[in-house]
Each structure stands twice: as structure tokens, then as C-alpha cells.
Amino acid sequence: MNGSSLRRQLPHGLTDLFFEQAAAKVALERILEHIFESWGYRRIILPTFEYYDSLSTGASTDLQEEMYRFFDREGKTLALRPDMTVPTARVVGTKLYDQPLPLRFFYIGNVFRYEEPQAGRRREFTQAGIELLGSGTPEADAEVLSVAIAALKALGIHRFRTNLGQVAFLKAILKEANLSNGELSQLEQAIGHKNDTEVDHTLKKLRLTEEISHAVRAIPHLCGGIEVLEEAKKLSQNPAALQALDHLAQVYALLEAEGVAEHVIIDLGEVRSMAYYTGITFHAYVEGLGFHVCRGGRYDGLVGNFGRDMPAVGFALGVERAMLITKPQIRLAPDIIMKACRHPACHALAAKARSLGLSVEIEVLGRQGEELIAYGQAKGATRILACDENSPTNYLLTDARGSRWLSRQQLEEEMASWTS
Amino acid sequence: MDKLTVALPKGRLLNEALALFTRAGYPTHYTNSRRLLLDDETGSLRFMLVKPVDVPTYVEYGAAVLGVAGEDVLRESARDVYEPLGLGIGKCRLVLAGPPSAKGRNLRLEPNVRVATKYPRLARQYFQEQGISAEIIPLSGSIELATTVGLADLVVDLVQTGRTLKENNLIELATIMESQAMLLVNRASHKLYFEAIREVINRLAQALAR
């Protein structure tokens, strides 16, 4: 394929946004920014590409394979960021380790993954999320989940449920078995499918003790309300496993106090990305979309890779996925389309309208009369103004009621009521 | 949401699947019409009849809450869904087969084994695990013909009784996987309609245990 045939194309998995879609995306991002800020989170702005060595820290092999990689002129490997959590951990571990804790950051930025586009998520997509660093308490976990729930509600999404998992429970149970990462991911996959036969098969292959196997077989079914924690407690005497359950119970109680527990369903069988997460994990699911719209969890080991270790928890929401479910009301049409002569009075009138918060589009193609009105209607403008070139203090106003002549003073008086 | 949607595979598995749902308390009157949507008589489920290989896709995207698909189709599709129940129907095996002369050949020593299959992902995975350098030739049907006409040395295909292989003068060389029909559940729906889905799973499990 030669260069010219690609000139008019986009690589697979990319898109352009304009008109309502672009405006809707920014509108959603503003809502999210507002929610994050209202919980005390402050923006972090991160580079789009970094050294591959940084970005691949703690990443699963899948994510490593999905990274876009390239070289700088010294032959060092660079990569486009595939998420925002690892770069945030790098900043905190290398630069902010002596700041008062905890740190609360939010980000809204594009990430890049070489994967098949799916449900609004393309190869470049926008993540909006938060990280709460320096606290390992149930309060921190509950807060992050509460912010996620608040964000969904603020987006106008009300029919959703969030699963709440705790990978520390299974990890504690498996600790004495000393599985390799490969073995762990086989087990993770079988449990993640909730497929009893596959779990059995994997357990046999890994030759785990009967006590561990019994617990692992039960885990995919530990899904439901708070009562599943009682069942889970019967599965292990391992203190770390019991502590993990107790921690989860505390998170759930805090969510009840927050009044959001109705949106939460406990699923101890949710163990995906076990190598990365160390404690609670969650995914939010919305009616009408088969995929999670946001995902988060605790990742206590990550920051330590970059310097001083500290516990951390966070979540990320896929903005394009959210756009599939929620459509903010977007009005692109200008409030006023104005044919202005070169008289300063005309420009002063436009400036006055803008100062009132109205959007004013000046006609630059020289259209007037019926032609201008037709253009204004095609654009959906509420009002069309045309000055009388011989006497720039008189204006012809066309709106839903028709056309009429007004003096400049009358116009300015009327304008104040146009903003509502 | 009132009815849970269930994607069922058109073709040989359909009647068995509908019979199983009937035994579980979701009876239907299916008269082999061309209808692609079908409600059960209790009004709890809506069946959608789709091509077998498409069932995992419908379920992953949540276009169907539940689905019935063979493990062979499911693994080949690599779709991310729950598969909480083996349904005991549609039992078959995915096998490596070839002409009788292929028996006893050490495939690891051959530089390029050509294999025709409807299951390119599973075949590739199998040969990689076995340390065999294989060239996978994806086909969408009549796999058994591929060796006869010299398109491939071997085939990877489904076997139920083994009759088709025999009629085409092929013998089984290895079993790659055992397969049965599984109940699939969309991940999001599993959380959103947890109680309703658990009811369906339990009733199917009881029907299977009877």
C-alpha cells in the first residue's frame, strides 16, 4: 500500500469527534471533574509517552503486549501510556513521597492500547479516574467506590450495579501453595469463568491440598449480599484470609452508611488481574451495556516499585463507554447569527451580547436578507440580526415570531432576557 | 427488564437445548418456523436463535443475557463471559485427524505441517503447546475433504461418533479437547439481574440432576 492511499484514512481503532459528540464528551468530562474535585481530588497531568520500563512496571503481560512502543534517538524504548495509574504511581514514588498523606489525584486523559475496539473503547480512549494514595484503610476503599458511584449518578446513570471483590482473600488462601504467576493466571481464568469443571481441572493439575481446593471451588459461587461473607469465613482458618474478609465487611458497612450499598453486590469470585490488585476490586455495570463502564481496586505494591512504598486505591472510568449510555443535552447552534457592517456600533452590540453569555456568530460569507435567514434556520440559531447599513443603530431581528425592526437601545434591553 | 434473553444456537443443538429449558420449567412451542425470536410460555425468557458461532458474541456484548454454546465454539471465540453450568448436551471432541499414513509420524520433526480447520485459534494453541510447526489453513466447512484433495496434511475437527471421519478415510491422531454445551452469562447482566439469573441457573441445574 503506498502513502497516498493512506492519506485519507485513519488507522483502525481511532476516530474523530466533532459537533455534538465532541461537545458531549467535554460535557461529561466537566461533570466528572466537578465530582472528583468536590471529594477533594486534584488534577494530575501526565506525559503521553514515557520509558517503556516505567509504564510496564506491574503491568500484566496482556497489557504489556497491548502497548504502543517506539524508540528515541538513543535507542531507548518509549511507550504510549496504556493507563494513568502506573504513571501516577511513578510521580508519587519518585517525587511526592515526603508530602503529607494521603494524596488525592484525579486525571482525565487519553490512553493507548493495541487491542480490538469494543463497546466504545478504541485504541485511543479517554480515562477519567482517581487515585487515593497513602491509606490502606477500609475508609479509603469505601471512599473510592463512593466516588465512582457518585460519578455515575452525576452522569445521569441510575440503573447500575457494582460488584465488590476482594482478591486478598484468595491470595491469602493460595499463599502457602506458592504458585507461579502462570499457574496463578490459569486458576484466575477458571475462577473468572465461574466454570466449576474448569476450576476442578485446574486444581487437579496444580495439585493443591484438599483444604485449599475446597475453598477455591467455593469461591466462584460466593456472590450476593453481605451474607456471602459468613459462608466465606467457613472456608479458611488462615488469619490473613479472615482479615481480608473482615476488611471487606468494613468497606461494605461504610457503603451502607453512605447509602449506596444498594448498588453493590459482593462477588469473591471476581479475581481478574490478581497479579496487579492486592485488595478490593470493583467493576461498575450499567443497564444496556454488556461491559463494565468503570473499574478499580487496591494496588498496594505498585508505588514501591518507584521509591517509597505506600498503599493505594483508585478507579478509572471509560469516558467513551459512558457516552454510549448517557447523552447530555447538547446545543451547538449559536444564540445569535449576526450580519454586521464595519461600523463599531455593530461590533459593540455583539460584544455586549457575548458579555451576557450569549454565543454570537458573525456572518463572514456576506449573506443577507432571505439567504441569511435560511442559513440561520439551517444552523438552528434562535435569532438572526441584520443591521441597517445606512443607519447602524437600527437592526432587523428575526426569531420564532418573525422579523421586526428594533433600535439599538431596544435590542440591548431585550437581550438581557435572551440568556434564560 | 422483564424477560431475560437467551441466545440459542440454530441447528443440531437447538431442539436439545429447548427440551432442557422445558424440563427446567420454561416450555416453548417451537415449530421449526423461520422465526428468530421465541418466548417461553411462562413469560420469563425470550429465546433468540442465532448462528452457533455467534452465541458467545451476543452474550459478551450483552445483546443476550444468557446463551448456550459448545465449549469448542466458546474457546475458539475467546469471548469474555461466565460459563457457570455444563448442560450435558452437544457432547463431542475436537480431534487431530489425518489419513492412515499419518499414524506414527513425529510431527515435531517436520518443518511445516499443514492443517485445515474451522478452529484456527484452538489449533494454533495446540500445536504451539506440542512444539509442532504448523501452518493453519482456516476453512468454514467440509474440513474432511482438505486432505483428500491435497489442501492439507491433517485436519482439526469436531467428532461426535467418528462416522464422518471414517467415511472420508481419516483416523483420529489425538484428542485436543472434550466439549459439551455450556450455559453462558453476560458479566454485566450477572450483576444487574443477579437474582433472576440465579433462578434460571438453579432450575437448569435441578433439571440436569433429575
# chains A, B, ... in the order shown; residues from 1 in each chain; ligands from 1
>>> interface_residues(of="chain A", to="chain B", cutoff="6 Å", atoms="only C-alpha atoms", output="PyMOL selection string")
chain A and resi 161+193-195+285+290-291
>>> write_last_selection(atoms="N, CA, C and O atoms", output="mmCIF file, in the first residue's frame")
data_model
loop_
_atom_site.group_PDB
_atom_site.id
_atom_site.type_symbol
_atom_site.label_atom_id
_atom_site.label_comp_id
_atom_site.auth_asym_id
_atom_site.auth_seq_id
_atom_site.Cartn_x
_atom_site.Cartn_y
_atom_site.Cartn_z
ATOM 1 N N ARG A 161 -25.044 -1.481 38.765
ATOM 2 C CA ARG A 161 -24.596 -2.233 39.931
ATOM 3 C C ARG A 161 -23.086 -2.375 39.870
ATOM 4 O O ARG A 161 -22.500 -2.476 38.795
ATOM 5 N N HIS A 193 -14.230 -17.497 34.938
ATOM 6 C CA HIS A 193 -15.296 -18.009 34.074
ATOM 7 C C HIS A 193 -16.452 -18.571 34.885
ATOM 8 O O HIS A 193 -17.467 -18.951 34.328
ATOM 9 N N LYS A 194 -16.286 -18.684 36.194
ATOM 10 C CA LYS A 194 -17.261 -19.357 37.065
ATOM 11 C C LYS A 194 -17.585 -20.755 36.526
ATOM 12 O O LYS A 194 -18.728 -21.200 36.548
ATOM 13 N N ASN A 195 -16.569 -21.414 35.998
ATOM 14 C CA ASN A 195 -16.759 -22.724 35.379
ATOM 15 C C ASN A 195 -16.195 -23.795 36.325
ATOM 16 O O ASN A 195 -14.985 -23.951 36.468
ATOM 17 N N TYR A 285 -21.320 -1.889 36.348
ATOM 18 C CA TYR A 285 -22.072 -2.324 35.167
ATOM 19 C C TYR A 285 -23.366 -1.530 35.080
ATOM 20 O O TYR A 285 -24.053 -1.345 36.076
ATOM 21 N N GLY A 290 -23.132 -4.292 27.920
ATOM 22 C CA GLY A 290 -22.669 -5.592 28.395
ATOM 23 C C GLY A 290 -21.292 -5.582 29.037
ATOM 24 O O GLY A 290 -20.821 -6.606 29.518
ATOM 25 N N PHE A 291 -20.628 -4.433 29.022
ATOM 26 C CA PHE A 291 -19.257 -4.344 29.528
ATOM 27 C C PHE A 291 -19.209 -3.388 30.724
ATOM 28 O O PHE A 291 -20.071 -2.539 30.868
#
>>> residues_around(residues="region 131-142 of chain B", least_positions_apart="4", cutoff="8 Å", atoms="only C-alpha atoms", output="count of residues only")
19
>>> residues_around(residues="Leu46 (chain A)", least_positions_apart="6", cutoff="10 Å", atoms="only C-alpha atoms", output="count of residues only")
8
>>> atom_distance(atom1="CA of Thr175 (chain B)", atom2="CA of Pro52 (chain B)")
21.9 Å
>>> select_by_dssp(residues="region 178-417 of chain A", states="strand (DSSP E)", output="PyMOL selection string")
chain A and resi 223-224+264-267+280-286+292-298+312-318+336-339+360-362+383-387+394-399+402-407
>>> residues_around(residues="region 170-174 of chain B", least_positions_apart="5", cutoff="8 Å", atoms="only C-alpha atoms", output="number ranges by chain")
B: 95-100, 103, 144, 165
>>> residues_around(residues="region 8-21 of chain A", least_positions_apart="4", cutoff="8 Å", atoms="only C-alpha atoms", output="MDAnalysis selection string")
chainID A and resid 4 25 116:117 122:124 330:332
>>> residues_around(residues="Asp72 (chain B)", least_positions_apart="3", cutoff="7 Å", atoms="only C-alpha atoms", output="list in words")
Arg75, Glu76 and Ser179 of chain B
>>> write_last_selection(atoms="N, CA, C and O atoms", output="short mmCIF file (atom, residue, chain, number, x, y, z; two decimals), in the first residue's frame")
data_model
loop_
_atom_site.label_atom_id
_atom_site.label_comp_id
_atom_site.auth_asym_id
_atom_site.auth_seq_id
_atom_site.Cartn_x
_atom_site.Cartn_y
_atom_site.Cartn_z
N ARG B 75 -14.31 -21.49 23.35
CA ARG B 75 -12.86 -21.32 23.47
C ARG B 75 -12.29 -20.71 22.18
O ARG B 75 -11.39 -19.91 22.23
N GLU B 76 -12.84 -21.12 21.06
CA GLU B 76 -12.36 -20.58 19.80
C GLU B 76 -12.66 -19.08 19.71
O GLU B 76 -11.85 -18.31 19.21
N SER B 179 -15.71 -31.52 24.62
CA SER B 179 -16.60 -30.37 24.61
C SER B 179 -18.03 -30.77 24.93
O SER B 179 -18.47 -31.87 24.62
#
>>> select_by_dssp(residues="region 48-211 of chain A", states="alpha helix (DSSP H)", output="PyMOL selection string")
chain A and resi 52-55+61-65+85-95+138-154+167-175+181-192+196-206+210-211
>>> residues_around(residues="Pro100 (chain A)", least_positions_apart="6", cutoff="12 Å", atoms="only C-alpha atoms", output="JSON, numbers by chain")
{"A": [92, 133, 134, 135]}
>>> closest_residue(among="A:Glu230, A:Glu412, A:Glu50, A:Glu29", to="Leu78 (chain A)", atoms="only C-alpha atoms")
A:Glu50
